[in-house]
$ cat entry-v5.cif   # mmCIF, C-alpha atoms
data_start
#
loop_
_atom_site.label_atom_id
_atom_site.label_comp_id
_atom_site.auth_asym_id
_atom_site.auth_seq_id
_atom_site.Cartn_x
_atom_site.Cartn_y
_atom_site.Cartn_z
CA MET A 171 0.00 0.00 0.00
CA ASN A 172 1.54 3.27 -1.12
CA SER A 173 1.44 6.52 0.85
CA THR A 174 -1.54 7.91 -1.09
CA GLU A 175 -3.62 4.82 -0.43
CA ARG A 176 -2.58 4.82 3.22
CA GLU A 177 -3.60 8.48 3.60
CA GLU A 178 -6.96 7.76 1.95
CA TYR A 179 -7.47 4.77 4.22
CA GLU A 180 -6.69 6.83 7.33
CA ARG A 181 -9.01 9.60 6.14
CA LEU A 182 -11.90 7.19 5.60
CA ARG A 183 -11.23 5.45 8.93
CA THR A 184 -11.20 8.79 10.74
CA ALA A 185 -14.40 9.88 8.98
CA ALA A 186 -16.10 6.62 9.91
CA SER A 187 -14.94 6.95 13.51
CA VAL A 188 -16.24 10.53 13.74
CA HIS A 189 -19.56 9.48 12.18
CA HIS A 190 -19.88 6.58 14.62
CA ARG A 191 -19.06 8.84 17.55
CA ARG A 192 -21.65 11.39 16.45
CA LEU A 193 -24.27 8.67 16.21
CA ARG A 194 -23.42 7.52 19.75
CA TYR A 195 -23.65 11.08 21.06
CA SER A 196 -26.99 11.58 19.29
CA ALA A 197 -28.42 8.31 20.60
CA THR A 198 -27.22 9.06 24.10
CA SER A 199 -28.70 12.56 23.99
CA VAL A 200 -32.10 11.27 22.87
CA LEU A 201 -32.11 8.58 25.57
CA LEU A 202 -31.12 11.09 28.24
CA ILE A 203 -33.85 13.55 27.23
CA LEU A 204 -36.48 10.79 27.34
CA THR A 205 -35.19 9.64 30.72
CA PHE A 206 -35.32 13.15 32.18
CA LEU A 207 -38.80 13.91 30.84
CA LEU A 208 -40.33 10.59 31.93
CA ALA A 209 -38.67 10.36 35.36
CA PRO A 210 -41.16 12.64 37.21
CA LEU A 211 -44.11 10.94 35.50
CA ALA A 212 -42.71 7.56 36.52
CA VAL A 213 -42.55 8.59 40.18
CA VAL A 214 -46.14 9.87 40.10
CA ALA A 215 -47.33 6.78 38.21
CA ALA A 216 -45.70 4.44 40.73
CA TRP A 217 -47.37 6.37 43.57
CA VAL A 218 -50.81 6.16 41.93
CA ASP A 219 -50.34 2.44 41.26
CA SER A 220 -49.35 1.79 44.89
CA GLU A 221 -52.42 3.64 46.19
CA VAL A 222 -54.74 1.68 43.90
CA ALA A 223 -53.14 -1.76 44.19
CA ASP A 224 -51.97 -1.87 47.84
CA THR A 225 -54.71 -1.72 50.49
CA ASP A 226 -52.26 -1.32 53.37
CA ARG A 227 -50.55 1.55 51.60
CA TYR A 228 -53.87 3.24 50.97
CA VAL A 229 -54.96 2.91 54.61
CA GLN A 230 -51.60 4.36 55.68
CA THR A 231 -52.28 7.29 53.35
CA VAL A 232 -55.74 8.20 54.62
CA ALA A 233 -55.43 7.15 58.28
CA PRO A 234 -54.01 10.51 59.51
CA ILE A 235 -57.07 12.33 58.17
CA ALA A 236 -59.12 11.01 61.09
CA THR A 237 -56.62 12.32 63.65
CA GLU A 238 -55.66 15.62 62.02
CA PRO A 239 -56.83 18.39 64.42
CA SER A 240 -57.88 20.79 61.65
CA VAL A 241 -59.99 18.07 60.00
CA GLN A 242 -61.51 17.06 63.35
CA ASN A 243 -62.41 20.68 64.09
CA THR A 244 -63.99 21.14 60.68
CA VAL A 245 -66.02 17.94 60.97
CA THR A 246 -67.09 18.91 64.49
CA ASP A 247 -68.18 22.42 63.50
CA ARG A 248 -70.02 21.31 60.37
CA LEU A 249 -71.77 18.41 62.06
CA THR A 250 -72.73 20.53 65.08
CA LYS A 251 -74.31 23.14 62.81
CA ARG A 252 -76.26 20.54 60.87
CA VAL A 253 -77.61 18.93 64.02
CA VAL A 254 -78.54 22.23 65.67
CA ASP A 255 -80.16 23.52 62.46
CA ASN A 256 -82.52 20.54 62.61
CA VAL A 257 -83.70 21.41 66.11
CA ASP A 258 -86.49 24.04 66.03
CA VAL A 259 -85.67 25.96 69.19
CA ALA A 260 -88.02 28.81 68.21
CA ALA A 261 -90.96 26.43 68.01
CA PHE A 262 -90.07 25.12 71.46
CA THR A 263 -90.00 28.61 73.00
CA ASP A 264 -93.27 29.48 71.24
CA ALA A 265 -94.87 26.40 72.77
CA VAL A 266 -93.57 27.42 76.20
CA GLY A 267 -94.99 30.92 75.74
CA ARG A 268 -98.42 29.57 74.76
CA THR A 269 -98.42 27.21 77.72
CA LEU A 270 -97.57 30.05 80.11
CA GLN A 271 -100.30 32.20 78.59
CA ARG A 272 -102.89 29.44 79.05
CA GLU A 273 -101.82 29.04 82.65
CA GLY A 274 -102.41 32.75 83.22
CA ALA A 275 -98.80 33.81 83.65
CA PRO A 276 -98.08 37.55 83.67
CA PRO A 277 -97.51 39.09 80.18
CA ARG A 278 -93.91 39.91 81.06
CA VAL A 279 -93.23 36.23 81.78
CA VAL A 280 -94.95 35.14 78.55
CA GLN A 281 -92.91 37.64 76.53
CA GLY A 282 -89.75 36.47 78.30
CA ALA A 283 -90.23 33.01 76.85
CA ASP A 284 -89.38 34.34 73.38
CA ALA A 285 -86.13 35.73 74.73
CA LEU A 286 -85.09 32.19 75.62
CA THR A 287 -84.52 31.31 71.94
CA GLY A 288 -80.98 32.73 71.80
CA PRO A 289 -79.72 31.30 75.13
CA LEU A 290 -81.29 27.90 74.41
CA THR A 291 -79.74 27.80 70.94
CA SER A 292 -76.35 28.73 72.39
CA ALA A 293 -76.64 26.13 75.15
CA LEU A 294 -77.74 23.46 72.66
CA THR A 295 -74.89 24.35 70.31
CA SER A 296 -72.36 24.13 73.12
CA ALA A 297 -73.68 20.79 74.33
CA VAL A 298 -73.85 19.27 70.84
CA HIS A 299 -70.40 20.59 69.95
CA SER A 300 -68.92 19.01 73.06
CA ILE A 301 -70.49 15.64 72.34
CA VAL A 302 -69.59 15.73 68.65
CA HIS A 303 -65.99 16.68 69.48
CA ARG A 304 -65.67 13.75 71.89
CA VAL A 305 -66.97 11.38 69.21
CA VAL A 306 -64.75 12.75 66.42
CA THR A 307 -61.58 12.81 68.53
CA SER A 308 -62.09 9.40 70.08
CA ASP A 309 -59.88 6.40 69.32
CA GLN A 310 -63.01 4.55 68.29
CA PHE A 311 -63.62 7.03 65.46
CA ALA A 312 -60.07 6.58 64.18
CA GLU A 313 -60.45 2.80 64.34
CA VAL A 314 -63.79 2.91 62.54
CA TRP A 315 -62.27 5.20 59.92
CA ASP A 316 -59.35 2.84 59.27
CA ASP A 317 -61.58 -0.23 59.21
CA ALA A 318 -64.06 1.38 56.84
CA ASN A 319 -61.32 2.33 54.41
CA ARG A 320 -59.67 -1.07 54.63
CA ARG A 321 -62.95 -2.83 53.87
CA ALA A 322 -63.75 -0.36 51.11
CA HIS A 323 -60.37 0.07 49.42
CA ALA A 324 -62.21 1.03 46.24
CA ALA A 325 -62.30 4.53 47.73
CA VAL A 326 -58.85 5.24 46.41
CA VAL A 327 -60.02 4.33 42.93
CA LYS A 328 -62.88 6.77 43.37
CA VAL A 329 -60.59 9.53 44.57
CA LEU A 330 -57.80 9.01 42.04
CA THR A 331 -59.69 7.79 38.98
CA GLY A 332 -63.36 8.61 39.59
CA GLU A 333 -64.35 4.92 39.62
CA GLY A 334 -65.75 2.93 42.53
CA GLY A 335 -67.24 4.13 45.79
CA SER A 336 -66.97 4.01 49.59
CA ALA A 337 -66.59 6.27 52.61
CA VAL A 338 -64.66 8.69 50.41
CA GLN A 339 -66.78 9.76 47.46
CA ALA A 340 -66.04 11.91 44.44
CA GLY A 341 -68.62 14.37 43.17
CA ASP A 342 -68.40 16.44 40.01
CA ASP A 343 -66.08 19.00 41.59
CA SER A 344 -65.35 17.61 45.04
CA ILE A 345 -64.13 14.68 47.11
CA ASP A 346 -66.41 14.09 50.09
CA LEU A 347 -66.12 12.16 53.35
CA ASN A 348 -69.20 10.14 54.29
CA ILE A 349 -69.72 10.53 58.06
CA GLY A 350 -73.00 8.64 58.38
CA THR A 351 -71.64 6.45 61.17
CA VAL A 352 -70.51 9.52 63.07
CA VAL A 353 -73.92 11.21 62.70
CA ASP A 354 -75.71 8.15 64.09
CA ASN A 355 -73.21 7.96 66.96
CA VAL A 356 -73.73 11.64 67.79
CA LYS A 357 -77.52 11.29 67.83
CA GLN A 358 -77.25 8.35 70.22
CA ARG A 359 -74.82 10.28 72.46
CA LEU A 360 -77.30 13.21 72.57
CA VAL A 361 -80.11 10.91 73.62
CA ASP A 362 -77.89 9.36 76.30
CA ALA A 363 -77.04 12.87 77.53
CA GLY A 364 -80.73 13.65 78.09
CA PHE A 365 -81.66 15.24 74.75
CA ASP A 366 -84.54 12.85 74.02
CA GLN A 367 -85.68 14.93 71.06
CA ALA A 368 -82.39 14.16 69.30
CA SER A 369 -83.76 10.77 68.31
CA LYS A 370 -86.35 12.61 66.19
CA ILE A 371 -83.74 14.61 64.29
CA PRO A 372 -84.18 13.78 60.59
CA ASP A 373 -81.28 12.39 58.58
CA VAL A 374 -78.99 15.32 57.84
CA ASP A 375 -76.49 15.59 55.03
CA LYS A 376 -73.89 12.97 55.97
CA THR A 377 -70.99 14.18 53.85
CA ILE A 378 -68.15 16.60 54.56
CA THR A 379 -66.20 18.06 51.64
CA LEU A 380 -62.48 17.18 51.80
CA PHE A 381 -61.39 18.48 48.38
CA GLN A 382 -63.25 20.92 46.18
CA THR A 383 -61.94 22.10 42.83
CA ASP A 384 -63.41 22.57 39.38
CA LYS A 385 -60.37 20.75 37.94
CA LEU A 386 -61.17 17.40 39.59
CA ASN A 387 -62.44 15.73 36.41
CA GLU A 388 -59.32 16.75 34.49
CA ALA A 389 -57.09 15.50 37.32
CA GLN A 390 -58.91 12.18 37.43
CA GLY A 391 -58.37 11.71 33.69
CA ALA A 392 -54.63 12.19 34.14
CA MET A 393 -54.63 9.83 37.13
CA ARG A 394 -56.42 7.12 35.12
CA LEU A 395 -53.66 7.29 32.50
CA LEU A 396 -50.92 7.19 35.12
CA ASN A 397 -52.61 4.25 36.81
CA ILE A 398 -52.42 2.30 33.54
CA LEU A 399 -48.73 3.19 33.18
CA GLY A 400 -47.94 2.76 36.88
CA VAL A 401 -46.11 -0.55 36.58
CA TRP A 402 -44.31 -0.12 33.27
CA LEU A 403 -43.33 3.54 33.20
CA PRO A 404 -40.73 3.24 36.01
CA VAL A 405 -39.30 0.15 34.30
CA LEU A 406 -39.12 2.04 31.01
CA VAL A 407 -37.25 4.92 32.67
CA LEU A 408 -34.71 2.51 34.20
CA VAL A 409 -34.18 0.82 30.82
CA LEU A 410 -33.74 4.17 29.06
CA ALA A 411 -31.26 5.32 31.72
CA ALA A 412 -29.27 2.08 31.41
CA LEU A 413 -29.19 2.38 27.61
CA ALA A 414 -28.05 6.01 27.89
CA VAL A 415 -25.14 4.99 30.13
CA TRP A 416 -24.25 2.04 27.89
CA SER A 417 -24.38 4.04 24.65
CA GLY A 418 -22.40 6.99 26.00
CA PRO A 419 -18.80 7.22 24.74
CA ALA A 420 -17.68 7.70 28.36
CA HIS A 421 -19.80 5.46 30.60
CA ARG A 422 -18.81 7.14 33.86
CA VAL A 423 -19.64 10.60 32.52
CA ALA A 424 -22.92 9.31 31.10
CA LEU A 425 -23.83 7.78 34.48
CA MET A 426 -23.03 11.03 36.28
CA THR A 427 -25.04 13.04 33.72
CA THR A 428 -28.01 10.69 34.04
CA ALA A 429 -27.99 10.89 37.83
CA ILE A 430 -27.68 14.69 37.86
CA GLY A 431 -30.47 15.07 35.30
CA ILE A 432 -32.85 12.82 37.23
CA GLY A 433 -32.00 14.65 40.44
CA VAL A 434 -32.82 17.99 38.82
CA MET A 435 -36.14 16.61 37.55
CA MET A 436 -37.01 15.45 41.07
CA ILE A 437 -36.42 18.98 42.31
CA VAL A 438 -38.67 20.22 39.50
CA LEU A 439 -41.34 17.73 40.61
CA LEU A 440 -41.13 18.93 44.22
CA VAL A 441 -41.47 22.53 43.06
CA GLY A 442 -44.41 21.50 40.87
CA LEU A 443 -46.16 19.86 43.83
CA ALA A 444 -45.68 23.03 45.87
CA VAL A 445 -47.13 25.15 43.06
CA MET A 446 -50.06 22.73 42.66
CA ARG A 447 -50.69 22.97 46.40
CA GLN A 448 -51.03 26.74 46.19
CA ILE A 449 -53.22 26.53 43.07
CA TYR A 450 -55.46 24.04 44.85
CA LEU A 451 -55.74 26.19 47.98
CA ASP A 452 -56.57 29.24 45.87
CA SER A 453 -59.36 27.31 44.13
CA VAL A 454 -61.02 26.17 47.37
CA ALA A 455 -63.75 28.47 48.64
CA THR A 456 -63.46 29.12 52.37
CA THR A 457 -67.18 28.44 52.66
CA ALA A 458 -66.54 24.91 51.39
CA LEU A 459 -63.40 24.14 53.40
CA PRO A 460 -61.16 26.20 55.72
CA GLN A 461 -57.71 26.91 54.29
CA ASP A 462 -55.80 25.14 57.06
CA THR A 463 -57.95 22.02 56.71
CA ALA A 464 -57.57 22.00 52.93
CA ALA A 465 -53.79 22.38 53.28
CA ASP A 466 -53.53 19.57 55.83
CA ILE A 467 -55.61 17.18 53.73
CA TYR A 468 -53.55 17.95 50.62
CA ASP A 469 -50.32 17.32 52.51
CA ILE A 470 -51.64 14.05 53.96
CA PHE A 471 -52.75 12.72 50.59
CA LEU A 472 -49.47 13.55 48.85
CA ARG A 473 -46.94 12.92 51.62
CA PHE A 474 -45.91 9.50 50.23
CA LEU A 475 -45.48 10.99 46.75
CA LYS A 476 -43.21 13.70 48.18
CA ASN A 477 -41.34 11.07 50.16
CA SER A 478 -40.77 8.95 47.03
CA THR A 479 -39.57 12.01 45.12
CA VAL A 480 -37.05 12.88 47.84
CA THR A 481 -35.90 9.24 47.93
CA VAL A 482 -35.18 9.22 44.19
CA LEU A 483 -33.39 12.57 44.58
CA VAL A 484 -31.15 11.14 47.32
CA ILE A 485 -30.34 8.07 45.20
CA ALA A 486 -29.51 10.32 42.24
CA VAL A 487 -27.15 12.43 44.37
CA ILE A 488 -25.41 9.34 45.75
CA THR A 489 -25.02 7.87 42.24
CA ALA A 490 -23.58 11.11 40.87
CA LEU A 491 -21.09 11.33 43.75
CA ALA A 492 -20.06 7.69 43.28
CA ALA A 493 -19.49 8.27 39.55
CA TYR A 494 -17.39 11.34 40.35
CA LEU A 495 -15.29 9.47 42.92
CA TYR A 496 -14.29 6.93 40.27
CA GLY A 497 -13.10 9.70 37.98
CA PRO A 498 -9.70 11.39 37.46
CA GLY A 499 -10.54 14.55 39.40
CA ARG A 500 -8.09 15.78 42.03
CA GLY A 501 -10.66 15.57 44.80
CA ALA A 502 -11.69 12.08 43.77
CA ARG A 503 -8.07 10.88 43.73
CA TRP A 504 -7.44 12.36 47.18
CA ILE A 505 -10.52 10.62 48.64
CA ARG A 506 -9.53 7.30 47.07
CA ARG A 507 -5.98 7.60 48.42
CA ALA A 508 -7.29 8.44 51.89
CA ALA A 509 -9.74 5.52 51.87
CA THR A 510 -7.17 3.05 50.56
CA GLY A 511 -4.54 4.33 52.97
CA GLY A 512 -6.89 3.97 55.94
CA THR A 513 -8.00 0.42 55.16
CA GLY A 514 -4.44 -0.56 54.20
CA ALA A 515 -2.95 0.75 57.45
CA THR A 516 -5.63 -1.04 59.49
CA GLY A 517 -5.12 -4.29 57.60
CA ARG A 518 -1.32 -4.18 57.90
CA ALA A 519 -1.65 -3.48 61.63
CA MET A 520 -3.83 -6.59 61.94
CA ALA A 521 -1.24 -8.63 60.01
CA ARG A 522 1.56 -7.43 62.29
CA HIS A 523 -0.42 -8.64 65.29
CA GLY A 524 -0.82 -12.10 63.80
CA MET A 525 -4.32 -11.68 62.35
CA ARG A 526 -3.38 -12.44 58.73
CA THR A 527 -6.09 -13.36 56.28
CA GLY A 528 -3.71 -15.38 54.06
CA GLY A 529 -5.17 -16.91 50.91
CA PRO A 530 -8.67 -15.37 51.20
CA GLY A 531 -7.04 -11.98 51.71
CA HIS A 532 -4.85 -12.50 48.63
CA TRP A 533 -7.98 -13.41 46.63
CA LEU A 534 -9.85 -10.32 47.85
CA ASP A 535 -6.86 -8.14 46.99
CA ALA A 536 -6.64 -9.61 43.49
CA HIS A 537 -10.36 -9.24 42.82
CA ARG A 538 -11.08 -5.80 44.29
CA LYS A 539 -13.02 -4.62 41.25
CA TRP A 540 -15.27 -7.67 41.25
CA THR A 541 -15.98 -7.61 44.97
CA THR A 542 -16.63 -3.85 44.91
CA GLY A 543 -19.03 -4.24 42.00
CA ILE A 544 -20.86 -7.12 43.68
CA VAL A 545 -21.30 -5.19 46.92
CA ILE A 546 -22.59 -2.08 45.13
CA ALA A 547 -24.92 -4.20 42.97
CA GLY A 548 -26.20 -5.90 46.13
CA GLY A 549 -27.01 -2.52 47.67
CA ALA A 550 -28.82 -1.42 44.52
CA LEU A 551 -30.78 -4.70 44.45
CA ALA A 552 -31.76 -4.22 48.11
CA LEU A 553 -33.27 -0.83 47.27
CA VAL A 554 -35.10 -2.25 44.25
CA LEU A 555 -36.61 -5.03 46.38
CA TRP A 556 -37.34 -2.70 49.31
CA ASN A 557 -41.07 -1.98 49.61
CA TYR A 558 -41.41 1.77 49.35
CA PRO A 559 -37.86 2.85 50.22
CA THR A 560 -37.39 6.11 52.10
CA PRO A 561 -34.41 8.46 52.43
CA GLY A 562 -33.72 6.70 55.74
CA SER A 563 -33.61 3.27 54.11
CA VAL A 564 -31.33 4.62 51.37
CA ALA A 565 -28.97 5.97 54.05
CA LEU A 566 -29.05 2.59 55.82
CA VAL A 567 -28.21 0.64 52.66
CA LEU A 568 -25.46 3.14 51.79
CA GLY A 569 -23.97 2.78 55.27
CA ILE A 570 -23.99 -1.02 55.02
CA VAL A 571 -22.38 -0.93 51.55
CA LEU A 572 -19.62 1.41 52.75
CA LEU A 573 -19.04 -0.71 55.86
CA VAL A 574 -18.74 -3.91 53.82
CA LEU A 575 -16.33 -2.23 51.37
CA ILE A 576 -14.18 -1.00 54.26
CA LEU A 577 -14.12 -4.46 55.84
CA LEU A 578 -13.18 -6.07 52.53
CA GLY A 579 -10.38 -3.53 52.07
CA ILE A 580 -9.05 -4.26 55.56
CA LEU A 581 -9.22 -8.03 55.02
CA ALA A 582 -7.41 -7.68 51.68
CA ALA A 583 -4.66 -5.57 53.26
CA ALA A 584 -4.31 -8.04 56.15
CA SER A 585 -3.21 -10.84 53.82
CA GLY A 586 0.42 -10.25 54.83
CA ARG A 587 1.59 -9.53 51.29
CA ALA A 588 2.95 -6.05 50.57
CA GLN A 589 0.83 -4.61 47.80
CA PRO A 590 1.05 -1.24 46.10
CA SER A 591 -2.06 0.83 46.48
CA ARG A 592 -4.10 0.25 43.36
CA MET A 593 -6.59 3.01 43.85
CA SER A 594 -4.02 5.65 44.70
CA HIS A 595 -2.01 5.17 41.52
CA GLN A 596 -4.77 4.17 39.16
CA THR A 597 -6.10 6.76 36.74
CA PRO A 598 -9.39 5.61 35.20
CA GLY A 599 -9.31 5.13 31.50
CA LYS A 600 -11.19 7.19 29.01
CA GLY A 601 -14.27 5.03 29.13
CA ALA A 602 -14.40 4.83 32.92
#
$ encode --input "entry-v5.cif" --output "structure tokens"
Amino acid sequence: MNSTEREEYERLRTAASVHHRRLRYSATSVLLILTFLLAPLAVVAAWVDSEVADTDRYVQTVAPIATEPSVQNTVTDRLTKRVVDNVDVAAFTDAVGRTLQREGAPPRVVQGADALTGPLTSALTSAVHSIVHRVVTSDQFAEVWDDANRRAHAAVVKVLTGEGGSAVQAGDDSIDLNIGTVVDNVKQRLVDAGFDQASKIPDVDKTITLFQTDKLNEAQGAMRLLNILGVWLPVLVLVLAALAVWSGPAHRVALMTTAIGIGVMMIVLLVGLAVMRQIYLDSVATTALPQDTAADIYDIFLRFLKNSTVTVLVIAVITALAAYLYGPGRGARWIRRAATGGTGATGRAMARHGMRTGGPGHWLDAHRKWTTGIVIAGGALALVLWNYPTPGSVALVLGIVLLVLILLGILAAASGRAQPSRMSHQTPGKGA
């Protein structure tokens, strides 16, 4: 091959290499964009799916509603008003006035009977409010609430997708709490307290509005779609992220970019939930639901979604830091040297005191990359298999992984064989 042919060959090879590299960059970019855009939807979809499919999870979600002070106060006030409104105090005082008139009482006394309407109404309201409050704040009410929702798990389907029915019901523009059991309990307590006429109180409206917004139907449509995608969307995001890392020309950089991007999208999701909270509160009329009650109910319903979002954010931060620590940066090299020096010094001290690990230590020292990868993969698998991981569980798994890696490093250094520090002198290759 002459020089001209060789130059042409090198030119074509370089052109092909550049073209291939551009294709890899393009594919990686597309995969990363899809991963970033779908990550928040995947978190929301997984939350919706867990609320619909897992009865225990649903009961955990709604249980605090029964014990939230603002909700208890709202239920007490609304129920007290409805009961008192069904007691005709004016008719009672009129009857007393007529009876006094027939008995020949002085006109001043007869006229005074009408003035009893206000004090009697106030006394009745106070007595009913006290009894209702005791019922609503009792442990029995919380137990009945949990049991009712456990037996009627279809409530979550009604709330999230507009299908089904139970103690929590969805109207056209509202989500209502059915308190029929509480109303019956209150009427019986009033009778027991001496208000015999309470047994004649007609059935009052037995619902209390929990959510009210004219956007409920639109939200339910979105939730129905997310419920369908709940299982597969998170899997799709994981597959896209893995493909992005695999297709990237520099796998370590691609992993770090993926983790940072997902972390940023989790922050965006948290901000979005905060904005939605304010929009929801602005759309709720104070006559329908007090602001503090509406805010507490919103926070209760979405607390697990926020928790999942923070968990994914923590995992993304840890992944990005791990990818950085395996890179050629000055800080990363210093941390690796410090870690290797610490475990090495501890292991050599053990060996000097007769606690040599011998052959197993030699094997661990020769297979550091494999053992490190297995331990990290085991930690990742633990989080995948963990039912609803939290930031606390992520911290626990991370602590265990670091502890195991430190112990393995010490055992490898305690083999009794002088070994140069691999991590301190190693500079990751281009594709690391």
$ resolve_selection --input "entry-v5.cif" --expression "the PyMOL selection byres ((chain A and resi 495) around 12)" --output "list in words"
Arg422, Val423, Met426, Ile488, Thr489, Ala490, Leu491, Ala492, Ala493, Tyr494, Tyr496, Gly497, Pro498, Gly499, Arg500, Gly501, Ala502, Arg503, Trp504, Ile505, Arg506, Arg507, Ala509, Met593, Thr597, Pro598 and Ala602 of chain A
$ atom_distance --input "entry-v5.cif" --atom1 "atom CA of Ile580 of chain A" --atom2 "atom CA of Arg526 of chain A"
10.4 Å
$ atom_distance --input "entry-v5.cif" --atom1 "atom CA of Val245 of chain A" --atom2 "atom CA of Val306 of chain A"
7.6 Å
$ closest_residue --input "entry-v5.cif" --among "A:Leu572, A:Ala536, A:Met436, A:Leu249" --to "Leu475 of chain A" --atoms "all atoms listed in the file"
A:Met436
$ atom_distance --input "entry-v5.cif" --atom1 "atom CA of Ile546 of chain A" --atom2 "atom CA of Val574 of chain A"
9.7 Å
$ resolve_selection --input "entry-v5.cif" --expression "the PyMOL selection byres ((chain A and resi 485) around 10)" --output "number ranges by chain"
A: 429, 432-433, 480-484, 486-491, 550, 553, 561, 564-565, 568
$ residues_near_point --input "entry-v5.cif" --point "(-40.1, 8.4, 33.5)" --cutoff "7 Å" --atoms "all atoms listed in the file" --output "PyMOL selection string"
chain A and resi 205-212+403-404+406-407
